[in-house]
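J.: Below is the file upload.cif, which contains mmCIF, C-alpha atoms.
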data_input
loop_
_atom_site.label_atom_id
_atom_site.label_comp_id
_atom_site.auth_asym_id
_atom_site.auth_seq_id
_atom_site.Cartn_x
_atom_site.Cartn_y
_atom_site.Cartn_z
CA MET A 1 5.34 -14.46 -21.73
CA SER A 2 6.04 -16.38 -24.92
CA ASN A 3 8.75 -18.68 -23.57
CA MET A 4 6.49 -20.72 -21.27
CA ASP A 5 6.61 -24.49 -21.25
CA HIS A 6 3.44 -26.50 -21.69
CA SER A 7 2.48 -26.87 -18.02
CA GLU A 8 3.21 -23.21 -17.30
CA ALA A 9 1.03 -22.20 -20.24
CA GLU A 10 -1.74 -24.38 -18.80
CA ILE A 11 -1.46 -22.61 -15.44
CA ASP A 12 -1.43 -19.31 -17.31
CA ASN A 13 -4.74 -20.21 -18.98
CA LEU A 14 -6.18 -21.48 -15.72
CA LEU A 15 -5.24 -18.25 -13.94
CA ARG A 16 -6.69 -16.11 -16.73
CA ARG A 17 -9.98 -17.94 -16.50
CA SER A 18 -10.12 -18.43 -12.75
CA LEU A 19 -9.14 -14.90 -11.74
CA ALA A 20 -11.39 -13.26 -14.32
CA ALA A 21 -13.78 -11.13 -12.29
CA PRO A 22 -15.02 -7.55 -12.40
CA VAL A 23 -12.30 -5.12 -11.40
CA PRO A 24 -13.47 -2.74 -8.68
CA SER A 25 -12.27 0.83 -8.69
CA LEU A 26 -12.34 3.66 -6.21
CA PRO A 27 -15.84 5.16 -6.12
CA PRO A 28 -15.99 8.55 -7.88
CA ASN A 29 -17.21 10.18 -4.66
CA PHE A 30 -14.33 8.73 -2.62
CA LYS A 31 -13.10 11.43 -0.25
CA LEU A 32 -9.84 11.35 1.66
CA ARG A 33 -10.22 11.88 5.39
CA ARG A 34 -8.10 14.90 6.19
CA PRO A 35 -6.47 15.03 9.59
CA SER A 36 -6.79 18.32 11.33
CA GLU A 37 -3.32 19.64 12.22
CA ARG A 38 -4.73 22.12 14.72
CA PRO A 39 -5.26 19.88 17.79
CA ARG A 40 -1.85 18.30 17.26
CA ARG A 41 -0.13 21.67 17.09
CA ILE A 42 -1.99 22.96 20.15
CA LEU A 43 -1.00 19.86 22.13
CA LEU A 44 2.63 20.14 21.05
CA ALA A 45 2.79 23.87 21.83
CA SER A 46 1.20 23.32 25.28
CA TYR A 47 3.71 20.59 26.03
CA GLY A 48 6.59 22.84 24.93
CA LEU A 49 5.40 25.75 27.06
CA MET A 50 4.83 23.55 30.11
CA SER A 51 8.25 21.92 29.88
CA ALA A 52 9.94 25.29 29.33
CA ALA A 53 8.17 26.70 32.40
CA VAL A 54 9.15 23.70 34.55
CA SER A 55 12.75 23.92 33.31
CA ILE A 56 12.92 27.63 34.11
CA VAL A 57 11.60 27.06 37.65
CA VAL A 58 14.06 24.19 38.23
CA MET A 59 17.04 26.13 36.81
CA ARG A 60 16.12 29.23 38.81
CA GLY A 61 15.89 27.02 41.91
CA GLN A 62 19.46 25.90 41.21
CA GLY A 63 20.53 29.55 41.33
CA LEU A 64 21.27 30.02 37.61
CA GLY A 65 21.12 33.54 36.16
CA TRP A 66 18.37 34.68 33.78
CA GLY A 67 20.84 35.05 30.89
CA LEU A 68 21.94 31.45 31.10
CA ILE A 69 18.35 30.24 31.57
CA ALA A 70 17.23 32.18 28.49
CA ALA A 71 20.12 30.78 26.45
CA MET A 72 19.39 27.21 27.55
CA THR A 73 15.67 27.53 26.85
CA LEU A 74 15.76 29.45 23.60
CA GLY A 75 18.98 27.91 22.21
CA PRO A 76 17.45 24.55 21.23
CA LEU A 77 14.45 26.33 19.69
CA ALA A 78 16.77 28.46 17.59
CA ILE A 79 18.67 25.35 16.44
CA ILE A 80 15.42 23.58 15.46
CA GLU A 81 14.21 26.63 13.53
CA ALA A 82 17.58 26.98 11.76
CA ALA A 83 17.51 23.29 10.76
CA ARG A 84 13.94 23.66 9.49
CA ARG A 85 14.84 26.66 7.35
CA LEU A 86 17.92 24.91 5.99
CA ARG A 87 15.86 21.87 5.07
CA ARG A 88 13.20 23.97 3.37
CA LYS A 89 15.89 25.78 1.41
CA GLN A 90 17.25 22.43 0.21
CA TRP A 91 13.79 21.37 -1.03
CA GLU A 92 13.38 24.56 -2.97
CA MET A 93 16.72 24.16 -4.76
CA MET B 1 5.25 17.85 -5.31
CA ALA B 2 6.98 21.01 -4.05
CA ARG B 3 3.60 22.76 -3.84
CA ALA B 4 2.12 19.89 -1.83
CA GLN B 5 5.13 20.05 0.50
CA ARG B 6 4.43 23.75 1.10
CA GLY B 7 0.95 22.79 2.29
CA ASP B 8 -1.00 23.39 -0.92
CA GLU B 9 -4.07 21.18 -0.51
CA GLN B 10 -4.91 21.33 -4.22
CA ALA B 11 -1.46 19.95 -5.02
CA PHE B 12 -1.98 17.11 -2.54
CA ALA B 13 -5.35 16.39 -4.14
CA GLU B 14 -3.53 16.19 -7.48
CA LEU B 15 -1.06 13.67 -5.99
CA PHE B 16 -4.06 11.64 -4.81
CA ARG B 17 -5.63 11.86 -8.27
CA ARG B 18 -2.42 10.43 -9.78
CA HIS B 19 -1.62 7.76 -7.21
CA GLY B 20 -4.99 6.92 -5.62
CA ASP B 21 -6.04 4.31 -8.10
CA PRO B 22 -2.67 2.47 -8.27
CA VAL B 23 -2.60 2.40 -4.46
CA PHE B 24 -6.13 0.97 -4.40
CA ARG B 25 -5.25 -1.68 -7.01
CA LEU B 26 -2.09 -2.67 -5.16
CA ALA B 27 -4.05 -2.99 -1.90
CA LEU B 28 -6.67 -5.11 -3.67
CA SER B 29 -3.96 -7.31 -5.19
CA ILE B 30 -2.77 -8.18 -1.68
CA LEU B 31 -6.17 -8.42 0.00
CA GLY B 32 -7.87 -10.33 -2.83
CA GLN B 33 -11.36 -10.36 -4.25
CA GLY B 34 -14.16 -9.43 -1.86
CA PHE B 35 -12.08 -6.98 0.16
CA THR B 36 -12.92 -3.74 -1.62
CA ALA B 37 -13.92 -1.91 1.56
CA GLU B 38 -10.67 -2.90 3.28
CA ALA B 39 -8.70 -1.75 0.24
CA GLN B 40 -10.43 1.64 0.49
CA ASP B 41 -9.41 1.83 4.17
CA VAL B 42 -5.82 1.09 3.15
CA VAL B 43 -5.99 4.00 0.67
CA GLN B 44 -7.17 6.30 3.48
CA ASP B 45 -4.43 5.17 5.87
CA VAL B 46 -1.68 5.36 3.27
CA PHE B 47 -2.55 8.89 2.16
CA LEU B 48 -2.87 9.98 5.78
CA LYS B 49 0.68 8.74 6.39
CA ALA B 50 1.81 10.33 3.14
CA HIS B 51 0.36 13.68 4.25
CA HIS B 52 2.35 13.53 7.48
CA ALA B 53 5.58 12.47 5.76
CA LEU B 54 5.26 14.78 2.76
CA ALA B 55 8.15 17.04 3.73
CA SER B 56 10.67 14.21 3.62
CA PHE B 57 10.45 13.40 -0.10
CA ARG B 58 12.85 14.64 -2.73
CA GLY B 59 10.54 14.20 -5.69
CA GLU B 60 7.45 12.46 -6.98
CA ALA B 61 9.37 9.34 -8.07
CA GLU B 62 10.58 8.84 -4.51
CA PHE B 63 7.09 9.66 -3.22
CA GLY B 64 5.47 7.07 -5.52
CA SER B 65 7.84 4.29 -4.61
CA TRP B 66 7.48 5.10 -0.88
CA LEU B 67 3.70 5.16 -1.29
CA TYR B 68 3.60 1.72 -2.89
CA ARG B 69 5.92 0.25 -0.26
CA ILE B 70 3.74 1.63 2.53
CA THR B 71 0.62 0.35 0.75
CA PHE B 72 2.09 -3.12 0.47
CA ASN B 73 2.95 -3.31 4.17
CA GLN B 74 -0.33 -1.74 5.27
CA ALA B 75 -2.37 -4.12 3.11
CA VAL B 76 -0.47 -7.15 4.41
CA ASN B 77 -1.31 -6.07 7.98
CA VAL B 78 -4.95 -5.44 7.13
CA LYS B 79 -5.15 -8.80 5.38
CA ALA B 80 -4.02 -10.62 8.51
CA ARG B 81 -6.78 -8.89 10.52
CA ALA B 82 -9.44 -9.20 7.80
CA ARG B 83 -8.86 -12.94 7.47
CA TYR B 84 -9.36 -13.28 11.20
CA ARG B 85 -12.64 -11.35 11.09
CA ARG B 86 -14.26 -13.28 8.27
CA PRO B 87 -13.30 -16.06 5.91
CA HIS B 88 -11.52 -14.93 2.78
CA LEU B 89 -13.52 -15.27 -0.42
CA ASP B 90 -11.42 -17.57 -2.54
CA GLU B 91 -10.35 -16.49 -5.98
CA ALA B 92 -12.61 -18.97 -7.69
CA ALA B 93 -15.83 -18.16 -5.87
CA LEU B 94 -16.72 -15.19 -8.00
CA SER B 95 -15.94 -16.83 -11.28
CA HIS B 96 -18.14 -19.88 -10.73
CA ALA B 97 -21.20 -18.05 -11.95
CA THR B 98 -19.56 -17.25 -15.26
CA THR B 99 -18.30 -20.74 -16.09
CA THR B 100 -19.24 -21.75 -19.63
CA GLU B 101 -18.44 -25.44 -19.39
CA PRO B 102 -21.41 -27.67 -20.11
CA GLY B 103 -22.93 -30.16 -17.69
CA PRO B 104 -23.03 -30.23 -13.90
CA HIS B 105 -20.13 -32.70 -13.68
CA ALA B 106 -17.78 -30.52 -15.73
CA GLN B 107 -18.87 -27.47 -13.73
CA MET B 108 -18.21 -29.29 -10.48
CA GLU B 109 -14.72 -30.25 -11.66
CA THR B 110 -13.98 -26.70 -12.73
CA ALA B 111 -15.24 -25.39 -9.42
CA GLN B 112 -13.08 -27.84 -7.48
CA ARG B 113 -10.00 -27.00 -9.53
CA ASP B 114 -10.64 -23.28 -9.11
CA GLN B 115 -11.12 -23.80 -5.39
CA ALA B 116 -7.81 -25.68 -5.22
CA LEU B 117 -6.11 -22.96 -7.26
CA GLY B 118 -7.46 -20.27 -4.90
CA GLU B 119 -6.14 -22.18 -1.89
CA CYS B 120 -2.75 -22.66 -3.54
CA ILE B 121 -2.51 -18.94 -4.36
CA GLN B 122 -3.10 -18.17 -0.67
CA THR B 123 -0.01 -20.17 0.28
CA LEU B 124 2.32 -18.25 -2.06
CA PRO B 125 4.53 -15.45 -0.70
CA GLU B 126 2.61 -12.15 -0.55
CA VAL B 127 4.64 -10.56 -3.32
CA TYR B 128 3.86 -13.44 -5.69
CA GLN B 129 0.16 -13.28 -4.81
CA SER B 130 0.16 -9.57 -5.44
CA ALA B 131 1.95 -9.92 -8.79
CA LEU B 132 -0.49 -12.65 -9.89
CA ARG B 133 -3.62 -10.71 -8.98
CA LEU B 134 -2.29 -7.50 -10.50
CA TYR B 135 -1.49 -9.29 -13.74
CA TYR B 136 -4.35 -11.77 -14.09
CA TRP B 137 -7.19 -10.08 -12.26
CA LEU B 138 -6.51 -6.35 -12.34
CA GLY B 139 -5.12 -6.40 -15.86
CA ALA B 140 -1.79 -4.71 -15.08
CA SER B 141 1.10 -5.13 -17.52
CA VAL B 142 4.41 -6.58 -16.32
CA ALA B 143 5.84 -3.04 -16.30
CA GLU B 144 2.96 -1.84 -14.09
CA VAL B 145 3.39 -4.81 -11.76
CA ALA B 146 7.10 -3.90 -11.48
CA VAL B 147 6.29 -0.29 -10.54
CA LEU B 148 3.68 -1.27 -7.98
CA VAL B 149 5.70 -3.95 -6.22
CA ASP B 150 8.77 -1.71 -6.52
CA VAL B 151 11.11 -4.11 -8.33
CA PRO B 152 12.79 -4.07 -11.76
CA GLU B 153 10.67 -5.35 -14.66
CA ASN B 154 12.71 -8.55 -15.02
CA THR B 155 12.17 -9.34 -11.36
CA ALA B 156 8.41 -8.86 -11.77
CA LYS B 157 8.53 -11.19 -14.75
CA SER B 158 10.40 -13.80 -12.72
CA TYR B 159 7.89 -13.44 -9.83
CA LEU B 160 5.09 -14.34 -12.26
CA HIS B 161 7.09 -17.19 -13.76
CA ARG B 162 8.03 -18.60 -10.35
CA ALA B 163 4.46 -18.22 -9.07
CA ARG B 164 3.10 -20.17 -12.05
CA GLN B 165 5.72 -22.88 -11.52
CA LEU B 166 4.86 -23.17 -7.82
CA LEU B 167 1.14 -23.28 -8.57
CA GLY B 168 1.70 -25.95 -11.21
CA ALA B 169 3.63 -28.10 -8.74
CA MET B 170 1.04 -27.59 -5.99
CA LEU B 171 -1.89 -28.47 -8.25
CA LYS B 172 -0.05 -31.54 -9.51
CA GLU B 173 0.50 -32.62 -5.93
CA ARG B 174 -3.25 -32.29 -5.35
CA GLY B 175 -3.96 -34.44 -8.39
CA TYR B 176 -5.10 -31.78 -10.88
#
What does the file become when written as structure tokens?
T.:
Amino acid sequence: MSNMDHSEAEIDNLLRRSLAAPVPSLPPNFKLRRPSERPRRILLASYGLMSAAVSIVVMRGQGLGWGLIAAMTLGPLAIIEAARRLRRKQWEM
Amino acid sequence: MARAQRGDEQAFAELFRRHGDPVFRLALSILGQGFTAEAQDVVQDVFLKAHHALASFRGEAEFGSWLYRITFNQAVNVKARARYRRPHLDEAALSHATTTEPGPHAQMETAQRDQALGECIQTLPEVYQSALRLYYWLGASVAEVAVLVDVPENTAKSYLHRARQLLGAMLKERGY
């Protein structure tokens, strides 16, 4: 900050004086609110189960076999789980 | 970082211990004096978001820079709402009591100039305001300002330089 011209140095002084005030800090007893993951997971799992059940009923209504229905319902879940494991493995490397 | 990503709450608490205060100071630098409670709310919101997004970071450096970016945006949003709720305490208001200039006339002049300076600061771009408050009020070094506003050190230096130039021009225009 040494290469200031005169007027900039004046503003510098003015700012130092004008903005001088006590600096607050986080109170020592400051506690982070922690979100509970449980309700979110329950909601997500319920939604997943409901949509799987509806899909199975609809697919069965269309005359599809149980093998195909199982593959179409469990396939995406297997892909998600595989991607999750792959990602976790990458973090650990 | 890796421990926090695996759900270790102690490790997340350690991340908070390291980054909590810088996040609070950055939020304050955007919100200004008299907005301590709002800055604390920003800290809560930012760490809540961080907790949700924890798995997507590659390391603490990336986490820190993401945290400060989120803090900046969150504080700017809160500032817009906070201003609407109640008038912003100008920068000068708190320093009036500590003025050492003699005589009521001199004090009045100082108060008016400080008031004008506070108003001028409010018209600067957010990043300049933040850099100024971090440097002049919160006592951060240029290097710390650079880390918190997530720019190289030379850019932080030029923010401060440009902010001073703009303030000088604005005050001159107002006759100070």
J.: Any idea which chain A residues end up within 9 Å of chain B if we count all atoms listed in the file, as a PDB file with C-alpha atoms, in the coordinates of the input please?
T.:
ATOM      1  CA  MET A   1       5.340 -14.460 -21.730  1.00  0.00           C
ATOM      2  CA  MET A   4       6.490 -20.720 -21.270  1.00  0.00           C
ATOM      3  CA  SER A   7       2.480 -26.870 -18.020  1.00  0.00           C
ATOM      4  CA  GLU A   8       3.210 -23.210 -17.300  1.00  0.00           C
ATOM      5  CA  ALA A   9       1.030 -22.200 -20.240  1.00  0.00           C
ATOM      6  CA  GLU A  10      -1.740 -24.380 -18.800  1.00  0.00           C
ATOM      7  CA  ILE A  11      -1.460 -22.610 -15.440  1.00  0.00           C
ATOM      8  CA  ASP A  12      -1.430 -19.310 -17.310  1.00  0.00           C
ATOM      9  CA  LEU A  14      -6.180 -21.480 -15.720  1.00  0.00           C
ATOM     10  CA  LEU A  15      -5.240 -18.250 -13.940  1.00  0.00           C
ATOM     11  CA  ARG A  16      -6.690 -16.110 -16.730  1.00  0.00           C
ATOM     12  CA  ARG A  17      -9.980 -17.940 -16.500  1.00  0.00           C
ATOM     13  CA  SER A  18     -10.120 -18.430 -12.750  1.00  0.00           C
ATOM     14  CA  LEU A  19      -9.140 -14.900 -11.740  1.00  0.00           C
ATOM     15  CA  ALA A  20     -11.390 -13.260 -14.320  1.00  0.00           C
ATOM     16  CA  ALA A  21     -13.780 -11.130 -12.290  1.00  0.00           C
ATOM     17  CA  PRO A  22     -15.020  -7.550 -12.400  1.00  0.00           C
ATOM     18  CA  VAL A  23     -12.300  -5.120 -11.400  1.00  0.00           C
ATOM     19  CA  PRO A  24     -13.470  -2.740  -8.680  1.00  0.00           C
ATOM     20  CA  SER A  25     -12.270   0.830  -8.690  1.00  0.00           C
ATOM     21  CA  LEU A  26     -12.340   3.660  -6.210  1.00  0.00           C
ATOM     22  CA  PHE A  30     -14.330   8.730  -2.620  1.00  0.00           C
ATOM     23  CA  LYS A  31     -13.100  11.430  -0.250  1.00  0.00           C
ATOM     24  CA  LEU A  32      -9.840  11.350   1.660  1.00  0.00           C
ATOM     25  CA  ARG A  33     -10.220  11.880   5.390  1.00  0.00           C
ATOM     26  CA  ARG A  34      -8.100  14.900   6.190  1.00  0.00           C
ATOM     27  CA  PRO A  35      -6.470  15.030   9.590  1.00  0.00           C
ATOM     28  CA  ARG A  88      13.200  23.970   3.370  1.00  0.00           C
ATOM     29  CA  TRP A  91      13.790  21.370  -1.030  1.00  0.00           C
ATOM     30  CA  GLU A  92      13.380  24.560  -2.970  1.00  0.00           C
TER      31      GLU A  92
END
J.: What is the CA of Arg40 in chain A to CA of Gly7 in chain B distance in Å?
T.: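 Rounded to one decimal, the two atoms are 15.9 Å apart.
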J.: Show me, as JSON, the centre and edge lengths in Å to one decimal of the axis-aligned box that covers every listed atom of range 75-81 of chain B with 4 Å on each side.
T.:
{"center_x": -3.6, "center_y": -7.4, "center_z": 6.8, "size_x": 14.3, "size_y": 14.5, "size_z": 15.4}
J.: Applied to the shown file, which residues does the PyMOL selection byres ((chain A and resi 44-53) around 12) return, written as a PyMOL selection string?
T.: chain A and resi 37-43+54-60+69-77
J.: Restricted to C-alpha atoms, what would the selected residues look like written as an mmCIF file, in the coordinates of the input?
T.:
data_model
loop_
_atom_site.group_PDB
_atom_site.id
_atom_site.type_symbol
_atom_site.label_atom_id
_atom_site.label_comp_id
_atom_site.auth_asym_id
_atom_site.auth_seq_id
_atom_site.Cartn_x
_atom_site.Cartn_y
_atom_site.Cartn_z
ATOM 1 C CA GLU A 37 -3.320 19.640 12.220
ATOM 2 C CA ARG A 38 -4.730 22.120 14.720
ATOM 3 C CA PRO A 39 -5.260 19.880 17.790
ATOM 4 C CA ARG A 40 -1.850 18.300 17.260
ATOM 5 C CA ARG A 41 -0.130 21.670 17.090
ATOM 6 C CA ILE A 42 -1.990 22.960 20.150
ATOM 7 C CA LEU A 43 -1.000 19.860 22.130
ATOM 8 C CA VAL A 54 9.150 23.700 34.550
ATOM 9 C CA SER A 55 12.750 23.920 33.310
ATOM 10 C CA ILE A 56 12.920 27.630 34.110
ATOM 11 C CA VAL A 57 11.600 27.060 37.650
ATOM 12 C CA VAL A 58 14.060 24.190 38.230
ATOM 13 C CA MET A 59 17.040 26.130 36.810
ATOM 14 C CA ARG A 60 16.120 29.230 38.810
ATOM 15 C CA ILE A 69 18.350 30.240 31.570
ATOM 16 C CA ALA A 70 17.230 32.180 28.490
ATOM 17 C CA ALA A 71 20.120 30.780 26.450
ATOM 18 C CA MET A 72 19.390 27.210 27.550
ATOM 19 C CA THR A 73 15.670 27.530 26.850
ATOM 20 C CA LEU A 74 15.760 29.450 23.600
ATOM 21 C CA GLY A 75 18.980 27.910 22.210
ATOM 22 C CA PRO A 76 17.450 24.550 21.230
ATOM 23 C CA LEU A 77 14.450 26.330 19.690
#
J.: How many Å separate CA of Met108 in chain B from CA of Thr123 in chain B?
T.: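 Straight-line distance from CA of Met108 in chain B to CA of Thr123 in chain B works out to 23.0 Å.
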J.: Contacts of Leu148 in chain B at 7 Å or less, counting all atoms listed in the file, minus same-chain residues fewer than 2 places along, as a list in words?
T.: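 These residues fall inside the cut-off: Leu26, Tyr68, Glu144, Val145, Ala146 and Asp150 of chain B.
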J.: Please, what distance in Å, to one decimal, runs between CA of Asn73 in chain B and CA of Gln129 in chain B?
T.: 13.7 Å
J.: Mind rebuilding range 29-55 of chain A with N, CA and C atoms and writing that out as a PDB file, in the coordinates of the input?
T.:
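Just written: out37.pdb:
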ATOM      1  N   ASN A  29     -16.996   9.225  -5.756  1.00  0.00           N
ATOM      2  CA  ASN A  29     -17.210  10.180  -4.660  1.00  0.00           C
ATOM      3  C   ASN A  29     -16.293   9.885  -3.456  1.00  0.00           C
ATOM      4  N   PHE A  30     -15.243   9.089  -3.702  1.00  0.00           N
ATOM      5  CA  PHE A  30     -14.330   8.730  -2.620  1.00  0.00           C
ATOM      6  C   PHE A  30     -13.600   9.977  -2.121  1.00  0.00           C
ATOM      7  N   LYS A  31     -13.727  10.227  -0.833  1.00  0.00           N
ATOM      8  CA  LYS A  31     -13.100  11.430  -0.250  1.00  0.00           C
ATOM      9  C   LYS A  31     -12.052  11.005   0.762  1.00  0.00           C
ATOM     10  N   LEU A  32     -10.887  11.628   0.677  1.00  0.00           N
ATOM     11  CA  LEU A  32      -9.840  11.350   1.660  1.00  0.00           C
ATOM     12  C   LEU A  32     -10.213  12.010   2.973  1.00  0.00           C
ATOM     13  N   ARG A  33     -10.032  11.256   4.072  1.00  0.00           N
ATOM     14  CA  ARG A  33     -10.220  11.880   5.390  1.00  0.00           C
ATOM     15  C   ARG A  33      -9.019  12.771   5.627  1.00  0.00           C
ATOM     16  N   ARG A  34      -9.233  14.003   5.955  1.00  0.00           N
ATOM     17  CA  ARG A  34      -8.100  14.900   6.190  1.00  0.00           C
ATOM     18  C   ARG A  34      -7.911  15.117   7.673  1.00  0.00           C
ATOM     19  N   PRO A  35      -6.707  14.829   8.161  1.00  0.00           N
ATOM     20  CA  PRO A  35      -6.470  15.030   9.590  1.00  0.00           C
ATOM     21  C   PRO A  35      -6.361  16.526   9.875  1.00  0.00           C
ATOM     22  N   SER A  36      -6.940  16.926  10.967  1.00  0.00           N
ATOM     23  CA  SER A  36      -6.790  18.320  11.330  1.00  0.00           C
ATOM     24  C   SER A  36      -5.460  18.482  12.070  1.00  0.00           C
ATOM     25  N   GLU A  37      -4.635  19.414  11.607  1.00  0.00           N
ATOM     26  CA  GLU A  37      -3.320  19.640  12.220  1.00  0.00           C
ATOM     27  C   GLU A  37      -3.460  20.450  13.500  1.00  0.00           C
ATOM     28  N   ARG A  38      -4.590  21.156  13.628  1.00  0.00           N
ATOM     29  CA  ARG A  38      -4.730  22.120  14.720  1.00  0.00           C
ATOM     30  C   ARG A  38      -4.608  21.493  16.110  1.00  0.00           C
ATOM     31  N   PRO A  39      -5.375  20.439  16.438  1.00  0.00           N
ATOM     32  CA  PRO A  39      -5.260  19.880  17.790  1.00  0.00           C
ATOM     33  C   PRO A  39      -3.850  19.384  18.091  1.00  0.00           C
ATOM     34  N   ARG A  40      -3.197  18.826  17.081  1.00  0.00           N
ATOM     35  CA  ARG A  40      -1.850  18.300  17.260  1.00  0.00           C
ATOM     36  C   ARG A  40      -0.870  19.431  17.602  1.00  0.00           C
ATOM     37  N   ARG A  41      -1.009  20.522  16.862  1.00  0.00           N
ATOM     38  CA  ARG A  41      -0.130  21.670  17.090  1.00  0.00           C
ATOM     39  C   ARG A  41      -0.370  22.289  18.460  1.00  0.00           C
ATOM     40  N   ILE A  42      -1.658  22.373  18.845  1.00  0.00           N
ATOM     41  CA  ILE A  42      -1.990  22.960  20.150  1.00  0.00           C
ATOM     42  C   ILE A  42      -1.393  22.106  21.273  1.00  0.00           C
ATOM     43  N   LEU A  43      -1.527  20.785  21.126  1.00  0.00           N
ATOM     44  CA  LEU A  43      -1.000  19.860  22.130  1.00  0.00           C
ATOM     45  C   LEU A  43       0.514  20.000  22.243  1.00  0.00           C
ATOM     46  N   LEU A  44       1.174  20.059  21.087  1.00  0.00           N
ATOM     47  CA  LEU A  44       2.630  20.140  21.050  1.00  0.00           C
ATOM     48  C   LEU A  44       3.107  21.466  21.665  1.00  0.00           C
ATOM     49  N   ALA A  45       2.407  22.554  21.305  1.00  0.00           N
ATOM     50  CA  ALA A  45       2.790  23.870  21.830  1.00  0.00           C
ATOM     51  C   ALA A  45       2.586  23.908  23.338  1.00  0.00           C
ATOM     52  N   SER A  46       1.466  23.335  23.832  1.00  0.00           N
ATOM     53  CA  SER A  46       1.200  23.320  25.280  1.00  0.00           C
ATOM     54  C   SER A  46       2.297  22.543  25.999  1.00  0.00           C
ATOM     55  N   TYR A  47       2.660  21.411  25.416  1.00  0.00           N
ATOM     56  CA  TYR A  47       3.710  20.590  26.030  1.00  0.00           C
ATOM     57  C   TYR A  47       5.023  21.380  26.088  1.00  0.00           C
ATOM     58  N   GLY A  48       5.347  22.054  24.987  1.00  0.00           N
ATOM     59  CA  GLY A  48       6.590  22.840  24.930  1.00  0.00           C
ATOM     60  C   GLY A  48       6.605  23.932  25.983  1.00  0.00           C
ATOM     61  N   LEU A  49       5.475  24.655  26.093  1.00  0.00           N
ATOM     62  CA  LEU A  49       5.400  25.750  27.060  1.00  0.00           C
ATOM     63  C   LEU A  49       5.515  25.238  28.495  1.00  0.00           C
ATOM     64  N   MET A  50       4.796  24.133  28.760  1.00  0.00           N
ATOM     65  CA  MET A  50       4.830  23.550  30.110  1.00  0.00           C
ATOM     66  C   MET A  50       6.244  23.133  30.481  1.00  0.00           C
ATOM     67  N   SER A  51       6.912  22.425  29.550  1.00  0.00           N
ATOM     68  CA  SER A  51       8.250  21.920  29.880  1.00  0.00           C
ATOM     69  C   SER A  51       9.238  23.072  30.010  1.00  0.00           C
ATOM     70  N   ALA A  52       9.051  24.131  29.204  1.00  0.00           N
ATOM     71  CA  ALA A  52       9.940  25.290  29.330  1.00  0.00           C
ATOM     72  C   ALA A  52       9.736  25.947  30.700  1.00  0.00           C
ATOM     73  N   ALA A  53       8.465  26.069  31.111  1.00  0.00           N
ATOM     74  CA  ALA A  53       8.170  26.700  32.400  1.00  0.00           C
ATOM     75  C   ALA A  53       8.778  25.893  33.553  1.00  0.00           C
ATOM     76  N   VAL A  54       8.596  24.562  33.486  1.00  0.00           N
ATOM     77  CA  VAL A  54       9.150  23.700  34.550  1.00  0.00           C
ATOM     78  C   VAL A  54      10.674  23.818  34.578  1.00  0.00           C
ATOM     79  N   SER A  55      11.293  23.820  33.386  1.00  0.00           N
ATOM     80  CA  SER A  55      12.750  23.920  33.310  1.00  0.00           C
ATOM     81  C   SER A  55      13.245  25.226  33.919  1.00  0.00           C
TER      82      SER A  55
END
